[in-house]
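Participant: Just passing along the structure, written as structure tokens.
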Amino acid sequence: MKNLNPRFSNCYILLSSFALLLTFATASAVASAQSLDRISCVTKTYTSTGTDTCRAFLTSTNSTHVYIALSSNNPAVVVPSQIMVSYYAGSKGFYPTIGKVTKPQTAIITAKLNGVSKSFSISLSPTSASAAAMSVNATSIGFGSVALNTPQEQSLKISSTGTAALTVKSAALTGTGFSISGATFPATLNPGQSMTLQVLFDPTKAGAFTGKLSIASNVSTASISLTGTGASHQVELSWSEPSSTTNPIVAFNIYRAASGTSSFARVNLSPDQTPAFTDSTVQSGTAYDYKVTSVDSAGLESSPSNKISVIVP
């Protein structure tokens with residue numbers, strides 16, 4: 001086993017070349033019972049036909065495929081009978097079809113998993129001969145961990161989904177480190193047209209930040225929550241894969257604990273397919289221990305590797 005030697009440069013921690021001698025032992029898959037957290041859809045109100053964008057969220061990532069049953073109490077809103085959430089995922093999208101109605105009514109979409117039900121209501125109104133409508137393709141934008149002075153950008157799409165022209169009056173932003181570009185207001189969108197707004201997160205100091213983007217039109221106002229974390233340090237890990245193994249390795253999980261403790265927790269949101277990982281959630285002046293496990297094509301996770309310790313300056 002090669003020695004693991006952290007090297008610090010400026011405010012980053014670089015573990016440029018080290019090898020972990022990984023001892024992998026195939027473990028039995030333990031499928032814990034998953035629970036539904038919520039379901040949500042982009043558009044809550046329809047005055048015409050269309051297709052909504054919805055998503056079902058689990059309370060945690062799953063270790064095997066999970067099937068969520070879906071239903072609608074209104075024939076005007078059609079949903080698939082079920083959706084499958086792949087292993088190590090925490091949510092799954094689906095796209096209800098919205099049909100015509102002759103009078104105002106409400107459709108309730110229900111998701112069920114392991115005895116837990118979650119619902120989302122959509123208001124339906126008869127199609128107007130001339131009615132503007134606005135749709136925004138996200139209700140929240142998360143930037144995750146971003147190194148200081150390295151701005152990250154995401155796009156937000158605003159669409160005219162009615163039968164009359166939509167006037168997007170303004171976009172108001174609150175929150176430190178967030179900004180917008182790419183559009184001039186007021187802007188007129190004919191039915192079927194859309195515009196793209198660029199949302200930027202550029203933290204100037206370490207810490208968690210929140211904000212809100214409000215988009216006002218002549219028919220409604222959409223609110224988009226913003227989150228991001230400024231990271232002043234990061235740890236870069238790399239390791240050598242075993243030269244031979246019974247089951248082919250397809251991915252890796254990385255676990256971290258405060259140095260000297262046994263409370264290891266996974267720090268990668270989903271299995272990494274390459275033998276390297278950058279941890280941007282470390283805190284200055286803190287010591288950490290890391291371990292790595294492998295995942296085979298069946299989703300089974302090995303026992304952990306030997307431990308490596310680093311100290312963030």
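Numbering starts fresh at 1 for the residues of each chain in the structure tokens, the chains themselves are lettered A, B, ... in the order given, and ligands are numbered from 1 as they appear.
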Residues at most 9 Å from Ala287 in chain A, counting only C-alpha atoms, excluding those fewer than 6 positions away in the same chain, as a tab-separated table (two decimals) with N, CA and C atoms, in the first residue's frame?
Facilitator:
```tsv
chain	number	residue	atom	x	y	z
A	257	ALA	N	-15.78	10.92	8.31
A	257	ALA	CA	-16.09	11.09	9.72
A	257	ALA	C	-15.14	12.11	10.32
A	258	ALA	N	-15.58	12.77	11.37
A	258	ALA	CA	-14.66	13.63	12.11
A	258	ALA	C	-13.52	12.76	12.63
A	259	SER	N	-12.29	13.23	12.49
A	259	SER	CA	-11.13	12.41	12.83
A	259	SER	C	-11.22	11.92	14.27
A	260	GLY	N	-10.95	10.62	14.44
A	260	GLY	CA	-10.97	10.03	15.78
A	260	GLY	C	-12.31	9.47	16.18
A	309	SER	N	-6.52	9.99	6.68
A	309	SER	CA	-6.84	11.15	7.52
A	309	SER	C	-6.21	12.41	6.91
A	310	VAL	N	-6.96	13.52	6.97
A	310	VAL	CA	-6.46	14.80	6.48
A	310	VAL	C	-6.86	15.88	7.50
A	311	ILE	N	-6.12	16.98	7.48
A	311	ILE	CA	-6.44	18.14	8.31
A	311	ILE	C	-6.59	19.35	7.42
A	312	VAL	N	-7.72	19.99	7.49
A	312	VAL	CA	-7.98	21.20	6.70
A	312	VAL	C	-7.35	22.39	7.42
A	313	PRO	N	-6.50	23.15	6.76
A	313	PRO	CA	-5.82	24.27	7.44
A	313	PRO	C	-6.78	25.41	7.79
```
Participant: Determine, for each residue of range 36-79 of chain A having at least one atom at most 12 Å from an atom of range 295-303 of chain A, the closest pair of atoms and their separation in Å to one decimal, counting only C-alpha atoms; order by chain and ascending number, as a Markdown table.
Facilitator:
```
| residue | atom | partner | partner_atom | distance |
| --- | --- | --- | --- | --- |
| A:Asn62 | CA | A:Gly299 | CA | 10.5 |
| A:Ser63 | CA | A:Gly299 | CA | 7.1 |
| A:Thr64 | CA | A:Gly299 | CA | 7.1 |
| A:His65 | CA | A:Gly299 | CA | 9.7 |
```
Participant: Taking 6 positions as the minimum chain separation for residues in the same chain, which residues sit within 8 Å of range 146-159 of chain A when counting only C-alpha atoms? Answer as number ranges by chain.
Facilitator: A: 134-138, 189, 192-206, 228-233, 280
Participant: Next, dump the selected residues to file, keeping only N, CA and C atoms, as a CSV table (one decimal), in the first residue's frame.
Facilitator:
```csv
chain,number,residue,atom,x,y,z
A,134,MET,N,-48.7,31.5,-17.7
A,134,MET,CA,-47.2,31.5,-17.6
A,134,MET,C,-46.8,30.2,-16.9
A,135,SER,N,-45.7,29.5,-17.4
A,135,SER,CA,-45.2,28.3,-16.8
A,135,SER,C,-43.7,28.6,-16.7
A,136,VAL,N,-43.1,28.2,-15.5
A,136,VAL,CA,-41.7,28.3,-15.2
A,136,VAL,C,-41.2,26.8,-14.9
A,137,ASN,N,-40.1,26.4,-15.5
A,137,ASN,CA,-39.7,25.0,-15.5
A,137,ASN,C,-39.0,24.6,-14.2
A,138,ALA,N,-39.0,25.4,-13.1
A,138,ALA,CA,-38.5,25.0,-11.8
A,138,ALA,C,-39.1,25.8,-10.7
A,189,LEU,N,-44.4,37.5,-24.6
A,189,LEU,CA,-44.3,36.2,-25.2
A,189,LEU,C,-45.6,35.8,-25.8
A,192,GLY,N,-46.9,29.8,-26.9
A,192,GLY,CA,-45.9,28.9,-27.4
A,192,GLY,C,-44.5,29.4,-27.3
A,193,GLN,N,-44.3,30.7,-27.1
A,193,GLN,CA,-42.9,31.2,-27.0
A,193,GLN,C,-42.4,31.1,-25.6
A,194,SER,N,-41.1,31.1,-25.5
A,194,SER,CA,-40.4,31.1,-24.2
A,194,SER,C,-39.2,32.0,-24.2
A,195,MET,N,-38.7,32.2,-23.0
A,195,MET,CA,-37.5,33.0,-22.8
A,195,MET,C,-36.6,32.3,-21.7
A,196,THR,N,-35.3,32.5,-21.7
A,196,THR,CA,-34.4,31.9,-20.8
A,196,THR,C,-33.7,33.0,-19.9
A,197,LEU,N,-33.8,32.7,-18.6
A,197,LEU,CA,-33.1,33.6,-17.7
A,197,LEU,C,-32.0,32.9,-17.0
A,198,GLN,N,-30.8,33.5,-17.0
A,198,GLN,CA,-29.6,32.9,-16.4
A,198,GLN,C,-29.5,33.3,-14.9
A,199,VAL,N,-29.5,32.3,-14.0
A,199,VAL,CA,-29.3,32.6,-12.6
A,199,VAL,C,-27.9,32.2,-12.2
A,200,LEU,N,-27.2,33.1,-11.5
A,200,LEU,CA,-25.8,33.0,-11.2
A,200,LEU,C,-25.6,33.0,-9.7
A,201,PHE,N,-24.7,32.1,-9.2
A,201,PHE,CA,-24.4,32.0,-7.8
A,201,PHE,C,-22.8,32.2,-7.7
A,202,ASP,N,-22.4,33.3,-7.0
A,202,ASP,CA,-21.0,33.6,-6.9
A,202,ASP,C,-20.6,34.0,-5.5
A,203,PRO,N,-20.4,33.0,-4.6
A,203,PRO,CA,-20.2,33.3,-3.2
A,203,PRO,C,-18.8,33.9,-3.0
A,204,THR,N,-18.8,34.9,-2.2
A,204,THR,CA,-17.5,35.6,-1.8
A,204,THR,C,-17.0,35.2,-0.5
A,205,LYS,N,-17.8,34.4,0.3
A,205,LYS,CA,-17.3,33.9,1.6
A,205,LYS,C,-17.9,32.5,1.8
A,206,ALA,N,-17.3,31.8,2.7
A,206,ALA,CA,-17.8,30.5,3.0
A,206,ALA,C,-19.1,30.5,3.8
A,228,GLY,N,-27.4,27.7,-2.1
A,228,GLY,CA,-26.0,27.5,-2.5
A,228,GLY,C,-25.1,27.6,-1.3
A,229,THR,N,-23.9,27.0,-1.3
A,229,THR,CA,-23.0,27.0,-0.2
A,229,THR,C,-21.6,27.4,-0.8
A,230,GLY,N,-21.0,28.4,-0.1
A,230,GLY,CA,-19.7,28.9,-0.5
A,230,GLY,C,-18.7,28.0,0.2
A,231,ALA,N,-17.8,27.4,-0.5
A,231,ALA,CA,-16.8,26.5,0.1
A,231,ALA,C,-15.4,27.1,-0.1
A,232,SER,N,-14.7,27.3,1.0
A,232,SER,CA,-13.4,27.9,0.9
A,232,SER,C,-12.3,26.9,0.8
A,233,HIS,N,-12.5,25.6,1.2
A,233,HIS,CA,-11.5,24.6,1.1
A,233,HIS,C,-12.2,23.3,0.5
A,280,SER,N,-16.1,19.2,-1.2
A,280,SER,CA,-16.1,20.7,-1.1
A,280,SER,C,-16.9,21.1,0.1
```
Participant: Can you check which parts of range 57-92 of chain A lie within 10 Å of range 45-52 of chain A? Per residue, the shortest pair of atoms and distance in Å to one decimal, counting only C-alpha atoms, sorted by chain and number, as a tab-separated table.
Facilitator:
```
residue	atom	partner	partner_atom	distance
A:Ala76	CA	A:Thr49	CA	9.2
A:Val77	CA	A:Thr51	CA	9.3
A:Val78	CA	A:Thr51	CA	9.6
```
Participant: Go ahead and save the residues from that selection, with C-alpha atoms, as a PDB file, in the first residue's frame.
Facilitator:
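Wrote it out as again.pdb, contents follow:
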```pdb
ATOM      1  CA  ALA A  76     -59.084  15.110 -17.106  1.00  0.00           C
ATOM      2  CA  VAL A  77     -55.649  14.553 -15.547  1.00  0.00           C
ATOM      3  CA  VAL A  78     -53.953  11.345 -16.690  1.00  0.00           C
TER       4      VAL A  78
END
```
Participant: Extract, using only C-alpha atoms, all DNA, RNA and protein residues at most 10 Å from Ser119 in chain A, discarding same-chain residues fewer than 6 positions from it, and format them as a list in words.
Facilitator: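 My reading of the contact set: Arg38, Ile39, Ser40, Ala56, Leu70, Ser71, Ser72, Ile108, Ile109, Thr110, Ala111 and Lys112 of chain A.
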Participant: Do you have the CA of Asn306 in chain A-CA of Thr274 in chain A distance handy?
Facilitator: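 Between CA of Asn306 in chain A and CA of Thr274 in chain A the gap is 18.2 Å.
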Participant: What's around Thr210 in chain A at 10 Å? Count only C-alpha atoms, leave out sequence neighbours fewer than 5 positions away in its own chain, and write the answer as a PyMOL selection string.
Facilitator: chain A and resi 142+174-178+225-229
Participant: Just give me the gap between CA of Val168 in chain A and CA of Lys103 in chain A in Å, one decimal is fine.
Facilitator: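 We find that CA of Val168 in chain A and CA of Lys103 in chain A lie 27.8 Å from each other.
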Participant: Which distance in Å separates CA of Asn268 in chain A and CA of Glu236 in chain A, to one decimal?
Facilitator: 12.7 Å
